[in-house]
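Asks: Sharing structure01.cif, mmCIF, C-alpha atoms and all ligand atoms:
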data_work
#
loop_
_atom_site.label_atom_id
_atom_site.label_comp_id
_atom_site.auth_asym_id
_atom_site.auth_seq_id
_atom_site.Cartn_x
_atom_site.Cartn_y
_atom_site.Cartn_z
CA MET A 27 -51.75 11.34 4.86
CA LYS A 28 -51.51 7.62 4.12
CA PRO A 29 -49.67 5.55 6.76
CA ILE A 30 -46.24 4.33 5.69
CA PRO A 31 -46.29 0.53 5.20
CA ILE A 32 -44.33 -1.43 7.81
CA ALA A 33 -42.01 -2.97 5.18
CA MET A 34 -40.98 0.49 4.07
CA LEU A 35 -40.36 1.65 7.65
CA VAL A 36 -38.10 -1.35 8.20
CA ALA A 37 -36.22 -0.58 4.99
CA MET A 38 -35.83 3.10 5.98
CA ALA A 39 -34.51 2.14 9.42
CA ALA A 40 -32.00 -0.24 7.83
CA ILE A 41 -30.74 2.50 5.49
CA SER A 42 -30.40 5.07 8.26
CA ILE A 43 -28.19 2.81 10.40
CA SER A 44 -24.58 3.54 9.57
CA PRO A 45 -23.51 0.92 7.10
CA GLY A 46 -22.25 -2.36 8.44
CA GLN A 47 -20.06 -1.55 11.45
CA ASP A 48 -19.44 -4.55 13.68
CA THR A 49 -18.33 -4.58 17.27
CA PRO A 50 -16.02 -7.49 18.17
CA GLU A 51 -18.90 -9.17 20.04
CA GLN A 52 -21.06 -9.10 16.93
CA THR A 53 -18.44 -10.44 14.55
CA SER A 54 -18.92 -13.91 13.09
CA ALA A 55 -18.06 -15.72 9.88
CA GLU A 56 -21.70 -15.37 8.86
CA ARG A 57 -21.71 -11.59 9.38
CA ALA A 58 -18.40 -11.24 7.55
CA ARG A 59 -19.80 -13.19 4.59
CA ALA A 60 -22.89 -10.99 4.57
CA ASN A 61 -20.75 -7.84 4.76
CA PHE A 62 -18.63 -8.94 1.78
CA ALA A 63 -21.82 -9.79 -0.14
CA ARG A 64 -23.42 -6.35 0.23
CA PRO A 65 -24.61 -4.84 -3.04
CA ILE A 66 -22.12 -2.29 -4.34
CA GLN A 67 -23.65 1.04 -5.28
CA LEU A 68 -21.32 3.71 -6.58
CA GLY A 69 -22.08 7.43 -6.27
CA PRO A 70 -20.61 10.46 -8.06
CA ASP A 71 -17.73 10.84 -5.55
CA ASP A 72 -16.67 7.21 -5.91
CA VAL A 73 -14.02 7.61 -8.58
CA LYS A 74 -10.38 6.77 -9.16
CA VAL A 75 -8.34 9.90 -8.49
CA PHE A 76 -4.87 8.59 -9.44
CA ALA A 77 -3.43 7.00 -12.56
CA ASP A 78 -2.29 3.40 -12.07
CA PRO A 79 1.27 3.08 -10.73
CA PRO A 80 3.92 2.50 -13.43
CA ASP A 81 4.92 -1.06 -14.35
CA GLY A 82 7.47 -2.44 -11.93
CA PHE A 83 6.51 -0.07 -9.09
CA ASN A 84 6.39 -3.06 -6.72
CA LEU A 85 9.37 -5.01 -8.06
CA PRO A 86 12.95 -4.75 -6.83
CA ARG A 87 14.80 -2.49 -9.29
CA PRO A 88 18.42 -3.41 -9.99
CA GLY A 89 20.98 -0.68 -9.39
CA ILE A 90 19.11 1.40 -6.80
CA PRO A 91 19.95 1.51 -3.11
CA SER A 92 17.62 -0.70 -1.13
CA GLY A 93 16.39 -0.45 2.41
CA ARG A 94 16.36 -3.41 4.76
CA VAL A 95 13.76 -5.17 6.88
CA GLU A 96 14.67 -6.13 10.43
CA VAL A 97 12.81 -8.15 13.01
CA PHE A 98 12.16 -5.98 16.05
CA ALA A 99 11.14 -7.56 19.37
CA TYR A 100 9.45 -5.70 22.22
CA ASP A 101 7.81 -6.51 25.54
CA SER A 102 4.06 -6.06 25.63
CA THR A 103 2.24 -5.34 28.87
CA VAL A 104 -1.01 -6.02 26.97
CA THR A 105 -0.26 -9.62 26.00
CA GLY A 106 2.36 -10.30 28.67
CA THR A 107 4.66 -11.64 25.95
CA ARG A 108 7.59 -10.58 23.81
CA ARG A 109 6.16 -9.64 20.41
CA GLU A 110 7.70 -9.19 16.97
CA ALA A 111 7.29 -6.52 14.31
CA ASN A 112 8.98 -6.05 10.94
CA VAL A 113 10.76 -2.74 10.57
CA TYR A 114 11.71 -1.28 7.17
CA LEU A 115 14.75 0.99 7.37
CA PRO A 116 15.22 3.20 4.32
CA PRO A 117 18.35 3.00 2.12
CA GLY A 118 21.34 4.53 3.92
CA TYR A 119 19.58 4.53 7.32
CA SER A 120 21.89 6.36 9.70
CA PRO A 121 21.56 7.13 13.41
CA ASP A 122 23.02 10.55 12.57
CA ARG A 123 19.66 11.73 11.30
CA ARG A 124 16.11 11.30 12.50
CA TYR A 125 13.36 9.73 10.42
CA PRO A 126 9.57 10.00 10.34
CA VAL A 127 7.70 6.75 11.05
CA LEU A 128 4.72 5.06 9.42
CA TYR A 129 2.95 2.32 11.41
CA LEU A 130 1.45 -0.01 8.79
CA LEU A 131 -1.15 -2.59 9.80
CA HIS A 132 -2.28 -5.87 8.23
CA GLY A 133 -5.66 -7.55 7.64
CA ILE A 134 -7.67 -10.03 9.70
CA GLY A 135 -5.95 -13.13 8.29
CA GLY A 136 -2.48 -11.60 8.09
CA ASN A 137 0.44 -10.84 10.37
CA GLN A 138 3.56 -8.66 10.41
CA HIS A 139 4.68 -10.28 7.15
CA GLU A 140 1.64 -9.35 5.04
CA TRP A 141 3.00 -6.00 3.79
CA THR A 142 6.57 -7.28 3.34
CA GLY A 143 5.32 -10.48 1.62
CA TYR A 144 2.90 -10.52 -1.29
CA ILE A 145 2.22 -6.76 -1.21
CA LYS A 146 5.96 -6.02 -1.54
CA ALA A 147 5.98 -2.80 0.47
CA PRO A 148 9.81 -2.70 0.71
CA ALA A 149 10.22 -2.64 -3.09
CA ILE A 150 7.46 -0.01 -3.41
CA LEU A 151 9.23 2.21 -0.86
CA ASP A 152 12.73 1.67 -2.27
CA ASN A 153 11.51 2.67 -5.76
CA LEU A 154 9.67 5.77 -4.53
CA ILE A 155 12.64 6.90 -2.43
CA ALA A 156 15.10 6.27 -5.31
CA ASP A 157 12.94 8.48 -7.56
CA GLY A 158 12.64 11.21 -4.94
CA LYS A 159 8.89 10.60 -4.78
CA ALA A 160 8.78 9.68 -1.09
CA VAL A 161 10.83 10.98 1.81
CA PRO A 162 13.06 8.40 3.52
CA MET A 163 10.96 6.97 6.33
CA ILE A 164 10.92 4.07 8.75
CA VAL A 165 7.94 1.75 8.32
CA VAL A 166 6.94 -0.39 11.30
CA MET A 167 4.78 -3.39 10.47
CA PRO A 168 3.56 -4.97 13.70
CA ASN A 169 1.31 -7.92 14.43
CA GLY A 170 -2.04 -6.22 15.10
CA ARG A 171 -3.54 -9.19 16.92
CA ALA A 172 -2.79 -8.52 20.60
CA LEU A 173 -2.85 -12.12 21.87
CA PRO A 174 -0.14 -14.24 23.54
CA ASN A 175 -0.41 -16.53 20.50
CA ASP A 176 -0.71 -14.03 17.67
CA SER A 177 -0.77 -16.46 14.72
CA PRO A 178 -3.94 -16.28 12.60
CA PRO A 179 -6.43 -18.78 14.10
CA ALA A 180 -8.50 -21.26 12.10
CA GLU A 181 -11.59 -19.07 12.56
CA ILE A 182 -10.44 -15.52 11.85
CA TYR A 183 -13.92 -14.03 12.27
CA ALA A 184 -14.41 -15.35 15.82
CA PRO A 185 -15.48 -12.55 18.23
CA GLY A 186 -12.42 -13.07 20.50
CA HIS A 187 -10.16 -12.67 17.51
CA ALA A 188 -11.74 -9.38 16.40
CA ALA A 189 -11.45 -8.21 20.03
CA ALA A 190 -7.68 -8.81 19.91
CA PHE A 191 -7.44 -6.28 17.07
CA ALA A 192 -9.16 -3.72 19.32
CA LYS A 193 -6.79 -4.53 22.20
CA PHE A 194 -3.84 -3.76 19.95
CA GLU A 195 -4.50 -0.04 20.46
CA ARG A 196 -2.84 0.00 23.90
CA ASP A 197 -0.08 -2.36 22.73
CA LEU A 198 0.84 0.10 19.97
CA LEU A 199 0.60 3.28 22.04
CA ASP A 200 2.05 2.07 25.35
CA CYS A 201 4.54 -0.60 24.29
CA LEU A 202 5.53 -0.62 20.62
CA ILE A 203 5.89 3.12 19.89
CA PRO A 204 8.05 3.82 22.98
CA SER A 205 10.22 0.75 22.23
CA ILE A 206 10.70 1.82 18.59
CA GLN A 207 11.67 5.29 19.75
CA ARG A 208 14.27 3.87 22.14
CA LYS A 209 15.93 1.73 19.48
CA TYR A 210 15.73 3.78 16.27
CA SER A 211 16.60 7.33 15.36
CA VAL A 212 13.13 8.75 14.83
CA GLN A 213 11.29 12.04 14.93
CA GLU A 214 8.94 11.72 17.89
CA ASP A 215 6.36 14.44 17.28
CA ARG A 216 2.88 13.75 15.89
CA GLU A 217 3.67 15.49 12.60
CA HIS A 218 6.29 12.85 11.90
CA ARG A 219 4.15 9.85 12.85
CA ALA A 220 1.60 8.21 10.53
CA ILE A 221 -0.74 5.25 10.83
CA ALA A 222 -2.31 3.27 8.00
CA GLY A 223 -3.55 -0.20 7.32
CA LEU A 224 -5.49 -2.54 5.09
CA SER A 225 -8.97 -3.90 5.83
CA MET A 226 -9.06 -4.91 9.54
CA GLY A 227 -5.83 -2.87 9.86
CA GLY A 228 -7.51 -0.01 7.96
CA GLY A 229 -10.23 0.03 10.61
CA GLN A 230 -7.59 -0.06 13.35
CA ALA A 231 -5.68 2.81 11.70
CA LEU A 232 -8.83 4.96 11.50
CA ASN A 233 -9.91 4.10 15.07
CA LEU A 234 -6.42 4.61 16.48
CA GLY A 235 -5.62 7.66 14.38
CA PHE A 236 -8.81 9.62 15.04
CA GLY A 237 -8.83 8.46 18.64
CA ASN A 238 -5.27 9.69 19.20
CA LEU A 239 -4.76 12.80 17.12
CA ASP A 240 -2.14 13.91 19.60
CA SER A 241 -0.04 10.98 18.41
CA PHE A 242 -0.76 10.87 14.66
CA ALA A 243 -1.11 13.62 12.06
CA TRP A 244 -1.32 11.33 9.00
CA ILE A 245 -3.94 8.59 8.64
CA GLY A 246 -4.58 6.07 5.87
CA GLY A 247 -7.41 3.54 5.63
CA PHE A 248 -7.22 1.13 2.69
CA SER A 249 -10.43 -0.92 2.22
CA PRO A 250 -11.31 -0.48 5.92
CA ALA A 251 -13.32 -3.33 7.46
CA PRO A 252 -16.49 -3.26 9.61
CA ASN A 253 -14.34 -2.84 12.75
CA THR A 254 -14.13 0.85 11.73
CA ARG A 255 -16.05 2.90 14.32
CA PRO A 256 -19.15 4.69 13.00
CA PRO A 257 -18.22 8.03 11.38
CA ALA A 258 -19.79 10.26 14.07
CA GLU A 259 -17.78 8.40 16.73
CA LEU A 260 -14.56 8.64 14.75
CA VAL A 261 -14.89 12.32 13.90
CA LYS A 262 -16.36 13.70 17.13
CA GLU A 263 -15.23 17.29 16.61
CA PRO A 264 -14.74 18.11 12.93
CA THR A 265 -13.16 21.49 13.77
CA THR A 266 -10.45 19.92 15.95
CA VAL A 267 -9.87 17.19 13.37
CA ARG A 268 -9.56 19.76 10.59
CA GLY A 269 -6.91 21.66 12.51
CA LYS A 270 -4.83 18.62 13.41
CA LEU A 271 -4.82 16.29 10.41
CA LYS A 272 -2.08 16.66 7.83
CA LEU A 273 -3.58 13.92 5.65
CA LEU A 274 -6.53 11.60 5.73
CA TYR A 275 -6.33 9.07 2.91
CA LEU A 276 -9.21 6.68 2.28
CA SER A 277 -9.37 4.12 -0.52
CA CYS A 278 -11.32 1.08 -1.63
CA GLY A 279 -11.77 -1.04 -4.72
CA HIS A 280 -15.12 -0.78 -6.48
CA LYS A 281 -15.35 -4.58 -6.55
CA ASP A 282 -15.11 -4.80 -2.74
CA GLY A 283 -18.36 -5.56 -0.87
CA LEU A 284 -16.95 -3.71 2.17
CA ILE A 285 -16.91 -0.41 0.23
CA ASN A 286 -20.05 0.78 2.05
CA ILE A 287 -17.89 1.26 5.17
CA SER A 288 -15.64 3.74 3.36
CA GLN A 289 -18.55 5.35 1.55
CA GLY A 290 -20.31 6.04 4.85
CA LEU A 291 -17.17 7.63 6.28
CA GLN A 292 -16.46 9.61 3.12
CA ALA A 293 -20.00 11.04 3.06
CA PHE A 294 -19.62 12.08 6.69
CA LEU A 295 -16.21 13.69 6.06
CA LYS A 296 -17.62 15.61 3.13
CA LYS A 297 -20.65 16.80 5.10
CA SER A 298 -18.38 17.82 7.99
CA ASP A 299 -15.90 19.62 5.73
CA VAL A 300 -12.96 17.46 6.76
CA PRO A 301 -10.40 17.44 3.90
CA HIS A 302 -9.51 13.96 2.69
CA VAL A 303 -8.37 11.92 -0.29
CA TRP A 304 -10.95 9.38 -1.48
CA ASN A 305 -9.69 6.98 -4.11
CA VAL A 306 -11.96 4.29 -5.52
CA ASP A 307 -9.95 2.04 -7.79
CA ASP A 308 -10.84 -0.88 -10.05
CA HIS A 309 -9.76 -3.62 -7.66
CA GLY A 310 -11.46 -5.89 -5.15
CA HIS A 311 -10.44 -6.74 -1.58
CA ASP A 312 -6.92 -7.68 -2.65
CA GLY A 313 -3.21 -7.00 -2.75
CA ALA A 314 -3.43 -4.99 -5.97
CA THR A 315 -5.43 -2.19 -4.33
CA TRP A 316 -3.24 -2.22 -1.20
CA ALA A 317 0.04 -2.00 -3.16
CA SER A 318 -1.29 0.73 -5.40
CA ASN A 319 -2.69 2.82 -2.54
CA LEU A 320 0.47 2.47 -0.48
CA TYR A 321 2.28 3.79 -3.57
CA GLN A 322 0.03 6.89 -3.61
CA PHE A 323 -0.17 7.40 0.15
CA ALA A 324 3.59 7.13 0.74
CA GLN A 325 4.22 9.95 -1.76
CA LYS A 326 2.07 12.33 0.26
CA LEU A 327 3.44 11.42 3.68
CA PHE A 328 5.52 13.83 5.72
CA ARG A 329 5.33 16.58 3.16
CA SER A 330 3.97 20.00 4.01
CA THR A 331 0.69 19.72 2.02
CA GLU A 332 -2.41 20.26 4.15
CA GLY A 333 -5.46 18.01 4.28
CA GLY A 334 -6.48 16.09 1.17
C1 LIG B 1 -16.13 -8.32 8.68
C2 LIG B 1 -15.69 -8.53 7.39
C3 LIG B 1 -14.33 -8.44 7.09
C4 LIG B 1 -15.21 -8.01 9.68
C5 LIG B 1 -13.85 -7.90 9.38
C6 LIG B 1 -13.41 -8.12 8.07
C7 LIG B 1 -14.89 -7.29 11.92
C8 LIG B 1 -11.98 -8.03 7.81
C9 LIG B 1 -11.42 -8.36 6.63
C10 LIG B 1 -9.95 -8.27 6.40
O1 LIG B 1 -9.21 -7.82 7.27
O2 LIG B 1 -9.53 -8.60 5.29
O3 LIG B 1 -17.43 -8.38 9.00
O4 LIG B 1 -15.71 -7.78 10.92
#
What would you get if you wrote out this structure as structure tokens?

Replies:
Amino acid sequence: MKPIPIAMLVAMAAISISPGQDTPEQTSAERARANFARPIQLGPDDVKVFADPPDGFNLPRPGIPSGRVEVFAYDSTVTGTRREANVYLPPGYSPDRRYPVLYLLHGIGGNQHEWTGYIKAPAILDNLIADGKAVPMIVVMPNGRALPNDSPPAEIYAPGHAAAFAKFERDLLDCLIPSIQRKYSVQEDREHRAIAGLSMGGGQALNLGFGNLDSFAWIGGFSPAPNTRPPAELVKEPTTVRGKLKLLYLSCGHKDGLINISQGLQAFLKKSDVPHVWNVDDHGHDGATWASNLYQFAQKLFRSTEGG
């Protein structure tokens, strides 16, 4: 047998490493640029599985009841500060009933206003609820950067900054969720708690969701970033995961250089027989894909359908 040339061995090793995951220590602007610049190769599973949302899906519609967004402040033992989240309360919110809760996380340059701002999550939710396409739910949009000063820094790809997104895990589980449950009328079991996010927040949602299946039964990752743990670390026991997840929703635009992260996870889920939704749309790393996938994901949440 002929020896395999060194160049080919190097190429094979590079391919076998799971695609592009970064630890906070490894993160840098240079690595982020390289991750976004990765060649995009689409396979047979990488297709759009939903029609585009109807015109106006993300615009306030006159004449329908609208929810409201409140600022919610809580004490964090992780940052040692009082932190703020935006909370969407559905139309007609009443303490006489209990609501399921979606925790919805932003990207590396964003904050608690990203989903309420240019992505227009409140209008998307109001429209779905008015049409009976989504169940009334509370949506908590925190600041996923667990630092005393949680404004986006000048260098968003600095290692310390990526580390703050990892530290948010304890802030969410130990501080924010209990505080939300004290203030609002919510269903407190795992089957009525979901976690989802975009990009850096997509990675957080996958890491937090899979890492805490006793707390979350519904998980959504939209264009997840290289902070997503490698698939075999996320899905340690496919059988347990299969039994616990109500929905795993994964999406990415086919113009997004980070798509290899989702593709690696999707291939692993398929191989491990873990039911999931995988939606590859025509967008890039942008608000259009996040609005459209929130529109799809929210319709599936807290309904009795199993898996994907
Ligand atoms: C990276 C590229 C992009 C990275 C994070 C991102 C942790 C996040 C992008 C976003 O949130 O939009 O290499 O490393």

Asks: Using all atoms listed in the file, find each protein or nucleic acid residue lying at most 8 Å from ligand LIG 1 (chain B); present the set as JSON, numbers by chain.

Replies: {"A": [46, 47, 48, 49, 50, 53, 54, 55, 57, 58, 59, 60, 61, 62, 132, 133, 134, 135, 136, 183, 188, 224, 225, 226, 227, 250, 251, 252, 253, 284, 311]}

Asks: Can you tell me, as a list in words, what residues are no more than 10 Å from region 172-178 of chain A when counting only C-alpha atoms, ignoring any on the same chain fewer than 4 positions away?

Replies: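 In the requested format, the answer is Ser102, Val104, Thr105, Gly106, Thr107, Arg108, Arg109, Glu110, Ile134, Gly135, Gly136, Asn137, Gln138, Ile182, Gly186, His187, Ala188, Ala189, Ala190, Phe191, Ala192, Lys193, Phe194, Glu195, Arg196, Asp197 and Leu198 of chain A.
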
Asks: At a cut-off of 7 Å, using only C-alpha atoms, what residues contact Tyr129 (chain A)? Leave out same-chain residues fewer than 5 positions from it and give the result as a list in words.

Replies: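 The filter keeps Val165, Val166, Met167, Ala220, Ile221 and Ala222 of chain A.
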
Asks: Using all atoms listed in the file, pick whichever of A:Pro264, A:Gly223, A:Gly170, A:Gly310 has the shortest atom-to-atom distance to Gly247 (chain A).

Replies: A:Gly223

Asks: Which residues of region 161-187 of chain A come within 7 Å of region 116-125 of chain A, and for each one, what is the closest pair of atoms and their distance in Å to one decimal, counting all atoms listed in the file, sorted by chain and residue number, as JSON lines?

Replies:
{"residue": "A:Pro162", "atom": "CA", "partner": "A:Pro116", "partner_atom": "CA", "distance": 5.7}
{"residue": "A:Met163", "atom": "CA", "partner": "A:Tyr125", "partner_atom": "CA", "distance": 5.5}
{"residue": "A:Ile164", "atom": "CA", "partner": "A:Pro116", "partner_atom": "CA", "distance": 6.2}

Asks: In Å, how far is it from CA of Phe236 (chain A) to CA of Arg268 (chain A)?

Replies: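 CA of Arg268 (chain A) lies at a distance of 11.1 Å from CA of Phe236 (chain A).
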
Asks: In Å, rounded to a single decimal, give me how far CA of Asp240 (chain A) is from CA of Asn305 (chain A).

Replies: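 Atom-to-atom, CA of Asn305 (chain A) and CA of Asp240 (chain A) are spaced 25.8 Å apart.
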
Asks: Separation of CA of Leu234 (chain A) and CA of Asn153 (chain A), in Å?

Replies: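 Between these atoms lies a distance of 28.6 Å.
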
Asks: Show which residues sit within 6 Å of region 270-282 of chain A, as a ChimeraX atom specification. Count only C-alpha atoms, and ignore same-chain residues fewer than 4 positions away.

Replies: /A:243-249,302-311,332-334

Asks: Kindly provide, as a list in words, the polymer residues lying within 10 Å of (7.9, -0.2, 20.2), counting all atoms listed in the file and using the coordinates exactly as they appear in the file.

Replies: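 Every polymer residue passing the test: Phe98, Ala99, Tyr100, Asp101, Ser102, Arg109, Glu110, Ala111, Val166, Pro168, Asp197, Leu198, Leu199, Asp200, Cys201, Leu202, Ile203, Pro204, Ser205, Ile206, Gln207, Arg208, Lys209 and Tyr210 of chain A.
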
Asks: When distances are computed from all atoms listed in the file, which of A:Gly158, A:Val97, A:Val127, A:Leu320 shows the smallest separation from His139 (chain A)?

Replies: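 Once distances to His139 (chain A) are computed over all atoms listed in the file, the minimum belongs to A:Val97.
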
Asks: Which residues, written as a PyMOL selection string, have at least one atom at most 10 Å from Gly237 (chain A), with only C-alpha atoms counted and residues fewer than 4 positions away on the same chain left out?

Replies: chain A and resi 195+231-233+241-242+259-262

Asks: Considering only C-alpha atoms, state which residue in the set A:Asn238, A:Ser330, A:Gln322, A:Ser92 is at the smallest distance from Ala156 (chain A).

Replies: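 Closest candidate: A:Ser92.
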
Asks: Let me make sure I understand: among A:Ser298, A:Asn319, A:Asn112, A:Gln292, which one has the smallest atom-to-atom distance to Pro70 (chain A) if we use all atoms listed in the file?

Replies: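 Of A:Ser298, A:Asn319, A:Asn112, A:Gln292, the one nearest Pro70 (chain A) is A:Gln292, counting all atoms listed in the file.
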
Asks: Determine the nearest neighbour of Gln230 (chain A) from the options A:Ser211, A:Ala160, A:Gln67, A:Leu131, counting all atoms listed in the file.

Replies: A:Leu131
